[in-house]
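**Student:** Structure below; questions to follow.
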Amino acid sequence: MDSIKAPITLLRTNQPDGFDCPGCAWPDKEHRSTFQFCENGAKAVTWEATNKRVTPEFFANNTVSSLLKMSDYELEDMGRLTHPLVYDRATDTFRAVEWDAAFARIGEILRGLSPDQAEFYTSGRASNEAAYLYQLFVREYGTNNFPDCSNMCHEPTSVGLPQSIGIGKGTVSLDDFDSCELIIAIGHNPGTNHPRMMGTLHEAARRGVQIFVFNPLRERALERFADPQSWLEMATFGSTKIASTYYQVDGGGDAAALLGIMKALLAMDAEQGGNVLDHQFIKTHTEGFDAFAAGVQATTWPDIEKASGLRQADLEQVAIAYAKSNATIISYGMGITQHNKGTANVRLIADLLLLRGNFGKPGAGICPLRGHSNVQGNRTVGITEKPSDSFLKQLEDVFGFKPPQNHGHDAVQAMQAMIDGTAKALFCLGGNFAVALPDPEQSFPAMAKLDLSVHIGTKLNRTHLLVAKETYVFPCLGRTELDIQASGQQSITVEDSMSMVHASAGKMTPASEQLRSEPAIVAGIANATLPNSKVSWLELIADYDKIRDLIDKTIPGFEAFNERIRTPGGFRLPLPPTERKWITPTGKAMFSVYGGVKEDADVFGAENVLRLITLRSHDQYNTTIYALDDRYRGVFGRRDVLFMNEDDLAACGLEHGDLVDIETMLPGKQLRLEKITAIAYNIAKGSVGAYYPEANVLIPLDYIDKESGTPSYKSVPVRVERSKSR
Ligand SMILES: Nc1nc2c(c(=O)[nH]1)N[C@H]1C(S)=C(S)[C@@H](COP(=O)(O)OP(=O)(O)OC[C@H]3O[C@@H](n4cnc5c(=O)[nH]c(N)nc54)[C@H](O)[C@@H]3O)O[C@H]1N2
Ligand SMILES: Nc1nc2c(c(=O)[nH]1)N[C@H]1C(S)=C(S)[C@@H](COP(=O)(O)OP(=O)(O)OC[C@H]3O[C@@H](n4cnc5c(=O)[nH]c(N)nc54)[C@H](O)[C@@H]3O)O[C@H]1N2
Ligand SMILES: [Mo]
């Protein structure tokens, strides 16, 4: 970004009249605090607002085959896309195409397919307005095939929490962090992925709130953190201790740890005459306690210790602190969800909170850390392969078409349909679908089998280059850019991790005159595909208030949307558990039975089998690599490393710095990653860590949490040996 624009643009991040940070989904207090941005938010903003451009001239001089040889980092580093592009097979290049001609051709192809042969992916940066139009178009076209990035991320939250508390979202607000007495942070790395949360944790730590961290890796920022917003600490190079205690749980050992804490609580409650659990809450608000308690009691301490890697005495300490706290928040991320029993893990967290009534009171609740800045909003406005009957009915009533009733494909199922050849078309509203998914050896070639692929993006990435018979790449406006339509300047809206909906308006001159907004591109394709549509697509684009009026009419919680969005800070969507209302089939919050203690007992028993955890570095945003450093973990200039515990290195006959080959140890799978440098690291014994997406070659596509369909990106059994290839 040029040096004059950069500071002005960054100052507008997360301001009432500015744009929402395209980084993470952590909220801001009232969204109008003084200038708040973080290092990684700044990277996300400047990544989008770069001066570099990748033009039709560039594409004319570079074949797709030659571009495919470039790294993901190099591809995005070429800059912003400037023109709508179509793939030309004869020359193996992309060339510029007229928007309307492209839309017309796409419409023609789509009309020739049966709707369930097309897959419509969404990555979580799209605005509510774009995502709503997209689902409307796709449902009028006739399918619920909505693979989305949530399917690889917080789907276990979307599936598990409704069963437990009646809604698939977090229940805490930022204010709750001001009055909580205990925070338990499981399986997330906020110093890198939600840096603004560090400010919140930092304040809590200074208030004397205990923070217990459960993580197999020692993450520096969770141990100590200097708040960049605190001038004094920066000036004095001081830092605040964050984790009161850091529990270095084994990878995949969280369920055992949670069961241990709950076993200790049940025992304390029995000893102390029922003073430990909130029996009144349990009686009034929950069901399933007896079966749950029996399951916990049947779990033995030796099993818990073995599966969690933690000692009984440690887990009892957590239970004692939890019993003392009148208001507890549990936050969690991918360390909980990306496992074979991700959904069951999420339910266990809810169980622990239910035991002491930690819902619907100040300072307490559950806090899933969402990924993309509007991934939660996308789901709220209808991006789901499993729409509810009531939502479909509402669409039918308001628009007068019959939406498809059967459930569609999630991300893994969409890729499987592409692999077996039943899917013929793929749309991507943002993201890097093929690179984000497991097993590129299967998924990359599947892209070429499609008749049509269409991508809406800001920068070029590998998924765009894995061309189908016909491929279009459409450049769109980013969050930071001015969006002018017929009625004037438009704002879009987003929902953060805490269900706050607010407006966002970019101010920068668009990267190219050719760019269109995401809503405009979706509407253009819809208009060209559905000649008898019940929706006036182009009118909606003239004024996004009209899109919001439709959201208001069809989605609960958005009443008076246009009015409320004009209040600085926006508004909060209804969260019934915060009022102790439970929208479950029984009308109560539900305890669950985990069943056993280990998520995958059989696989990891064998000799020398280690658990591979795939991770984000400090210098990356998912598949976007900003640079090759991972500062907090002390890795510089490279990403081809494997984090290993010293004991595991020794057991494999290796030393720090040795080159290793990694092989996936699942029956019938032949997945390998070769010539990786093993480095000694403070990681729980039995677990090894490697960077995503490079390590996706080791993850089978069908190795998933069966309840949610989410790949077990953090729990792949592997064997590590000295590299044969030198
Ligand atoms: N800068 C930046 N910000 C981002 C992103 C980014 O890539 N870059 N990505 C965004 C997205 S889409 C998401 S989903 C979030 C992801 O944010 P996080 O949830 O923080 O995701 P990860 O970096 O994958 O790592 C999670 C943490 O889980 C730990 N872990 C791994 N396995 C286990 C386990 O079995 N148990 C426990 N207790 N811990 C475990 C790892 O050591 C790591 O510290 O961040 C969002 N924000
Ligand atoms: N091994 C392993 N794999 C994982 C994970 C893991 O932890 N380990 N994490 C998973 C998770 S949590 C997620 S969420 C997925 C992420 O999967 P995706 O969401 O598909 O991937 P991203 O890397 O976030 O997408 C980056 C691309 O988005 C486009 N883009 C950026 N901004 C915009 C915009 O404003 N509009 C549009 N239209 N496009 C834009 C750019 O073209 C960029 O190349 O990956 C999953 N894959
Ligand atoms: Mo994510």
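Naming works like this for the structure tokens: A, B, ... for the chains as they're shown, residue 1 at the start of each chain, ligands 1 onward in shown order.
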Can you tell me, as a VMD selection string, what residues are no more than 7 Å from region 660-676 of chain A when counting only C-alpha atoms, ignoring any on the same chain fewer than 4 positions away?
**Tutor:** chain A and resid 640 to 642 697 to 698 717 to 723 725
**Student:** Please save N, CA, C and O atoms of the selected residues as a PDB file, in the first residue's frame.
**Tutor:**
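Just written: out.pdb:
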```pdb
ATOM      1  N   ASP A 640       8.489 -25.037   5.997  1.00  0.00           N
ATOM      2  CA  ASP A 640       8.594 -26.485   5.793  1.00  0.00           C
ATOM      3  C   ASP A 640       9.154 -27.169   7.038  1.00  0.00           C
ATOM      4  O   ASP A 640      10.171 -27.840   6.978  1.00  0.00           O
ATOM      5  N   VAL A 641       8.495 -26.932   8.169  1.00  0.00           N
ATOM      6  CA  VAL A 641       8.993 -27.495   9.430  1.00  0.00           C
ATOM      7  C   VAL A 641       7.927 -28.351  10.098  1.00  0.00           C
ATOM      8  O   VAL A 641       6.730 -28.209   9.828  1.00  0.00           O
ATOM      9  N   LEU A 642       8.407 -29.257  10.964  1.00  0.00           N
ATOM     10  CA  LEU A 642       7.515 -30.082  11.765  1.00  0.00           C
ATOM     11  C   LEU A 642       7.882 -29.860  13.231  1.00  0.00           C
ATOM     12  O   LEU A 642       9.006 -30.130  13.640  1.00  0.00           O
ATOM     13  N   VAL A 697      -1.783 -32.248   2.234  1.00  0.00           N
ATOM     14  CA  VAL A 697      -1.522 -33.479   1.470  1.00  0.00           C
ATOM     15  C   VAL A 697      -1.595 -34.712   2.370  1.00  0.00           C
ATOM     16  O   VAL A 697      -1.719 -35.833   1.873  1.00  0.00           O
ATOM     17  N   LEU A 698      -1.508 -34.516   3.682  1.00  0.00           N
ATOM     18  CA  LEU A 698      -1.520 -35.661   4.600  1.00  0.00           C
ATOM     19  C   LEU A 698      -2.914 -35.968   5.139  1.00  0.00           C
ATOM     20  O   LEU A 698      -3.103 -36.935   5.874  1.00  0.00           O
ATOM     21  N   PRO A 717      -3.406 -39.280  12.304  1.00  0.00           N
ATOM     22  CA  PRO A 717      -2.335 -40.166  12.738  1.00  0.00           C
ATOM     23  C   PRO A 717      -1.245 -40.253  11.672  1.00  0.00           C
ATOM     24  O   PRO A 717      -1.532 -40.523  10.499  1.00  0.00           O
ATOM     25  N   VAL A 718      -0.021 -39.991  12.079  1.00  0.00           N
ATOM     26  CA  VAL A 718       1.082 -40.020  11.118  1.00  0.00           C
ATOM     27  C   VAL A 718       2.283 -40.753  11.712  1.00  0.00           C
ATOM     28  O   VAL A 718       2.414 -40.894  12.927  1.00  0.00           O
ATOM     29  N   ARG A 719       3.157 -41.188  10.837  1.00  0.00           N
ATOM     30  CA  ARG A 719       4.450 -41.723  11.251  1.00  0.00           C
ATOM     31  C   ARG A 719       5.524 -40.810  10.659  1.00  0.00           C
ATOM     32  O   ARG A 719       5.398 -40.359   9.529  1.00  0.00           O
ATOM     33  N   VAL A 720       6.527 -40.538  11.467  1.00  0.00           N
ATOM     34  CA  VAL A 720       7.596 -39.630  11.042  1.00  0.00           C
ATOM     35  C   VAL A 720       8.892 -40.421  10.992  1.00  0.00           C
ATOM     36  O   VAL A 720       9.225 -41.127  11.946  1.00  0.00           O
ATOM     37  N   GLU A 721       9.605 -40.359   9.889  1.00  0.00           N
ATOM     38  CA  GLU A 721      10.895 -41.051   9.847  1.00  0.00           C
ATOM     39  C   GLU A 721      11.924 -40.223   9.087  1.00  0.00           C
ATOM     40  O   GLU A 721      11.575 -39.331   8.315  1.00  0.00           O
ATOM     41  N   ARG A 722      13.180 -40.552   9.342  1.00  0.00           N
ATOM     42  CA  ARG A 722      14.264 -39.834   8.674  1.00  0.00           C
ATOM     43  C   ARG A 722      14.021 -39.871   7.167  1.00  0.00           C
ATOM     44  O   ARG A 722      13.650 -40.901   6.610  1.00  0.00           O
ATOM     45  N   SER A 723      14.228 -38.756   6.520  1.00  0.00           N
ATOM     46  CA  SER A 723      13.905 -38.673   5.104  1.00  0.00           C
ATOM     47  C   SER A 723      14.802 -39.594   4.276  1.00  0.00           C
ATOM     48  O   SER A 723      16.004 -39.660   4.489  1.00  0.00           O
ATOM     49  N   SER A 725      14.651 -39.369   0.896  1.00  0.00           N
ATOM     50  CA  SER A 725      15.064 -38.559  -0.255  1.00  0.00           C
ATOM     51  C   SER A 725      15.981 -37.441   0.233  1.00  0.00           C
ATOM     52  O   SER A 725      15.596 -36.646   1.070  1.00  0.00           O
TER      53      SER A 725
END
```
**Student:** Residues of region 506-567 of chain A classed as alpha helix (DSSP H) by DSSP on the backbone are to be reported as a VMD selection string.
**Tutor:** chain A and resid 518 to 529 537 to 542 544 to 554 561 to 564
**Student:** Residues at most 7 Å from Thr337 (chain A), counting only C-alpha atoms, excluding those fewer than 5 positions away in the same chain, as an NGL selection string?
**Tutor:** :A and (153-154 or 156 or 342-343)
**Student:** Can you tell me which residues come within 8 Å of ligand 3 when counting only C-alpha atoms and all ligand atoms, ideally as number ranges by chain?
**Tutor:** A: 149-150, 152-154, 334, 370-372, 622
**Student:** Those selected residues, please, written with all heavy atoms and delivered as a CSV table (one decimal), in the first residue's frame.
**Tutor:**
```csv
chain,number,residue,atom,x,y,z
A,149,CYS,N,-17.1,-22.3,4.1
A,149,CYS,CA,-15.9,-22.4,4.9
A,149,CYS,C,-16.2,-22.9,6.3
A,149,CYS,O,-15.4,-23.5,7.0
A,149,CYS,CB,-15.0,-21.2,4.9
A,149,CYS,SG,-15.7,-19.8,5.7
A,150,SER,N,-17.4,-22.6,6.8
A,150,SER,CA,-17.9,-23.1,8.1
A,150,SER,C,-17.8,-24.6,8.2
A,150,SER,O,-17.5,-25.1,9.3
A,150,SER,CB,-19.3,-22.7,8.4
A,150,SER,OG,-19.4,-21.5,8.9
A,152,MET,N,-15.6,-26.4,7.3
A,152,MET,CA,-14.2,-26.8,7.6
A,152,MET,C,-13.7,-26.2,8.9
A,152,MET,O,-12.6,-26.3,9.3
A,152,MET,CB,-13.2,-26.3,6.5
A,152,MET,CG,-13.6,-26.8,5.1
A,152,MET,SD,-12.4,-26.1,3.9
A,152,MET,CE,-13.4,-25.2,2.8
A,153,CYS,N,-14.7,-25.6,9.6
A,153,CYS,CA,-14.2,-24.6,10.7
A,153,CYS,C,-15.1,-24.8,11.9
A,153,CYS,O,-14.8,-25.7,12.7
A,153,CYS,CB,-14.3,-23.2,10.1
A,153,CYS,SG,-13.9,-21.9,11.1
A,154,HIS,N,-16.2,-24.1,12.0
A,154,HIS,CA,-17.0,-24.1,13.2
A,154,HIS,C,-18.3,-24.9,13.0
A,154,HIS,O,-19.3,-24.7,13.8
A,154,HIS,CB,-17.3,-22.7,13.7
A,154,HIS,CG,-16.4,-22.3,14.8
A,154,HIS,ND1,-16.4,-22.8,16.1
A,154,HIS,CD2,-15.5,-21.3,14.9
A,154,HIS,CE1,-15.5,-22.3,16.8
A,154,HIS,NE2,-14.9,-21.3,16.1
A,334,MET,N,-10.3,-23.8,16.9
A,334,MET,CA,-10.1,-25.0,16.0
A,334,MET,C,-9.5,-26.2,16.7
A,334,MET,O,-9.6,-27.3,16.2
A,334,MET,CB,-9.3,-24.6,14.8
A,334,MET,CG,-9.9,-23.5,13.9
A,334,MET,SD,-11.4,-24.0,13.1
A,334,MET,CE,-12.6,-23.2,14.1
A,370,ARG,N,-14.9,-17.4,16.1
A,370,ARG,CA,-15.2,-17.6,14.7
A,370,ARG,C,-14.0,-17.2,13.9
A,370,ARG,O,-13.1,-16.5,14.3
A,370,ARG,CB,-16.4,-16.7,14.3
A,370,ARG,CG,-17.7,-17.1,14.9
A,370,ARG,CD,-18.3,-18.3,14.1
A,370,ARG,NE,-19.4,-18.9,14.9
A,370,ARG,CZ,-20.2,-19.8,14.4
A,370,ARG,NH1,-20.0,-20.2,13.2
A,370,ARG,NH2,-21.1,-20.3,15.2
A,371,GLY,N,-14.1,-17.7,12.6
A,371,GLY,CA,-13.0,-17.5,11.7
A,371,GLY,C,-13.1,-16.2,11.0
A,371,GLY,O,-12.8,-15.1,11.5
A,372,HIS,N,-13.6,-16.3,9.7
A,372,HIS,CA,-13.7,-15.1,8.9
A,372,HIS,C,-14.6,-14.1,9.5
A,372,HIS,O,-15.5,-14.4,10.2
A,372,HIS,CB,-14.3,-15.6,7.5
A,372,HIS,CG,-13.4,-16.1,6.6
A,372,HIS,ND1,-12.4,-15.4,6.0
A,372,HIS,CD2,-13.2,-17.4,6.1
A,372,HIS,CE1,-11.7,-16.1,5.2
A,372,HIS,NE2,-12.1,-17.4,5.2
A,622,ASN,N,-5.3,-17.9,6.6
A,622,ASN,CA,-5.7,-19.1,6.0
A,622,ASN,C,-4.8,-19.5,4.8
A,622,ASN,O,-3.6,-19.6,5.1
A,622,ASN,CB,-7.2,-19.1,5.5
A,622,ASN,CG,-8.1,-18.9,6.7
A,622,ASN,OD1,-7.7,-19.2,7.8
A,622,ASN,ND2,-9.3,-18.4,6.5
```
**Student:** Neighbours of region 474-483 of chain A within 7 Å (only C-alpha atoms; same-chain residues fewer than 6 positions away dropped), as number ranges by chain?
**Tutor:** A: 19, 22, 48, 81-85, 455-458, 489-490, 505-510, 515-518
**Student:** Excluding Ala294 (chain A) and its own-chain neighbours fewer than 4 positions away, which residues fall within 12 Å of it when counting only C-alpha atoms? Please give them as a list in words.
**Tutor:**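 Close residues of Ala294 (chain A): Leu259, Met262, Lys263, Leu266, Gly288, Phe289, Asp290, Ala298, Thr299, Thr300, Phe591, Ser592, Val593, Tyr594, Gly595 and Gly596 of chain A.
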**Student:** Residues of region 327-361 of chain A that have any atom at most 10 Å from an atom of region 171-186 of chain A: could you tabulate them with the shortest-distance atom pair and the distance in Å to one decimal, using only C-alpha atoms, ordered by chain and increasing number, as CSV?
**Tutor:**
```
residue,atom,partner,partner_atom,distance
A:Ala327,CA,A:Cys180,CA,5.0
A:Thr328,CA,A:Leu182,CA,4.8
A:Ile329,CA,A:Ile183,CA,4.9
A:Ile330,CA,A:Ile184,CA,4.7
A:Ser331,CA,A:Ala185,CA,4.8
A:Tyr332,CA,A:Ile186,CA,4.7
A:Gly333,CA,A:Ile186,CA,6.9
A:Met334,CA,A:Ile186,CA,9.0
A:Gly335,CA,A:Ile186,CA,7.0
A:Ile336,CA,A:Ile186,CA,7.1
A:Ile349,CA,A:Ile186,CA,9.5
A:Phe359,CA,A:Thr171,CA,7.6
A:Gly360,CA,A:Thr171,CA,8.2
A:Lys361,CA,A:Asp176,CA,8.8
```
**Student:** Restricting the calculation to only C-alpha atoms and all ligand atoms, which member of A:Gly187, A:Gly295, A:Gly199, A:Gly365 is positioned closest to ligand 2?
**Tutor:** A:Gly187
**Student:** Would you pick out the contacts of Arg347 (chain A) at 7 Å or less, using only C-alpha atoms, so that residues sharing its chain but fewer than 2 positions from it are not included, and give the list as a PyMOL selection string?
**Tutor:** chain A and resi 160-161+164+343-345+349-351+592
**Student:** Residues of the last selection are to be written out with C-alpha atoms, as a compact mmCIF listing (two decimals), in the first residue's frame.
**Tutor:**
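Generated file (out_11.txt):
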```txt
# COMPACT_ATOMS: atom_id res chain seq x y z
CA GLY A 160 -23.46 -29.20 18.62
CA LEU A 161 -24.59 -26.01 20.32
CA SER A 164 -27.14 -28.29 23.88
CA THR A 343 -19.23 -31.81 17.74
CA ALA A 344 -19.14 -33.99 20.86
CA ASN A 345 -16.29 -31.80 22.16
CA ILE A 349 -17.98 -27.53 26.84
CA ALA A 350 -21.66 -26.63 27.04
CA ASP A 351 -22.14 -29.38 29.65
CA SER A 592 -25.04 -34.93 26.54
```
**Student:** Which one of A:Asp543, A:Glu39, A:Glu74, A:Glu57 sits closest to ligand 2 if you count only C-alpha atoms and all ligand atoms?
**Tutor:** A:Glu74
**Student:** With only C-alpha atoms and all ligand atoms as the atoms that count, which of A:Glu539, A:Asp439, A:Asp549, A:Glu607 lies nearest to ligand 2?
**Tutor:**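 Answer, going by the shortest atom-to-atom distance: A:Asp439.
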